[in-house]
Amino acid sequence: MSTKSRQGPHRETTLDLDSGKRVGRSHWGVLAGLIVAVLIAYPLAACVAFATHPATQRLFGGRLESASQAGFQAFWWILALGCLALPFLVGFGIAKLSSRTLAVVGSIVVIFLILVIVLGQIFVF
């Protein structure tokens, strides 16, 4: 296995495999994104189901049952959009793999988590 790099604004490393094909970082990013997409498929489907079916609010009982229908749906749609964006963020982060890119992706994930926690506190507790 040999590594080959080219100079420019971005240094891309490719791996020469035994079959003679070169695999770049973008291919690894796509593979990682697909793996994450498979892992979050069920939670994504559950989020969309909770957001689109009005009777699911009664399943949670307590404060979620007494929350507004719009707030309940907004909470689940935001979670669904975050789950949908996760494979793209992981793939993009691996493909670029620079410190600046990882900082941007990390800040987006932190903002998303804070938003989910705040919405959960407003509508659940």
# chains A, B, ... in the order shown; residues from 1 in each chain; ligands from 1
>>> residues_around(residues="stretch 60-77 of chain A", least_positions_apart="4", cutoff="10 Å", atoms="only C-alpha atoms", output="list in words")
Leu44, Ala46, Cys47, Val48, Ala49, Phe50, Ala51, Thr52, His53, Pro54, Ala55, Thr56, Leu81, Gly82, Cys83, Leu115, Val116, Leu119, Gly120, Ile122, Phe123, Val124 and Phe125 of chain A
>>> residues_around(residues="A:Leu31", least_positions_apart="6", cutoff="12 Å", atoms="only C-alpha atoms", output="NGL selection string")
:A and (23-25 or 37-38 or 87-88 or 90-92 or 94-95)
>>> write_last_selection(atoms="C-alpha atoms", output="mmCIF file, in the first residue's frame")
data_model
loop_
_atom_site.group_PDB
_atom_site.id
_atom_site.type_symbol
_atom_site.label_atom_id
_atom_site.label_comp_id
_atom_site.auth_asym_id
_atom_site.auth_seq_id
_atom_site.Cartn_x
_atom_site.Cartn_y
_atom_site.Cartn_z
ATOM 1 C CA VAL A 23 -9.481 5.157 -3.139
ATOM 2 C CA GLY A 24 -9.611 8.802 -2.087
ATOM 3 C CA ARG A 25 -10.924 10.489 1.004
ATOM 4 C CA ALA A 37 -27.506 6.487 7.250
ATOM 5 C CA VAL A 38 -28.123 2.788 7.892
ATOM 6 C CA PRO A 87 -24.930 11.168 7.396
ATOM 7 C CA PHE A 88 -24.086 14.137 5.176
ATOM 8 C CA VAL A 90 -20.214 12.734 8.804
ATOM 9 C CA GLY A 91 -19.344 12.085 5.168
ATOM 10 C CA PHE A 92 -18.386 15.703 4.547
ATOM 11 C CA ILE A 94 -14.366 12.681 6.755
ATOM 12 C CA ALA A 95 -13.914 13.758 3.132
#
>>> atom_distance(atom1="atom CA of A:Ala85", atom2="atom CA of A:Gln57")
24.4 Å
>>> atom_distance(atom1="atom CA of A:Ile108", atom2="atom CA of A:Ala41")
20.6 Å
>>> atom_distance(atom1="atom CA of A:Ala103", atom2="atom CA of A:His27")
21.3 Å
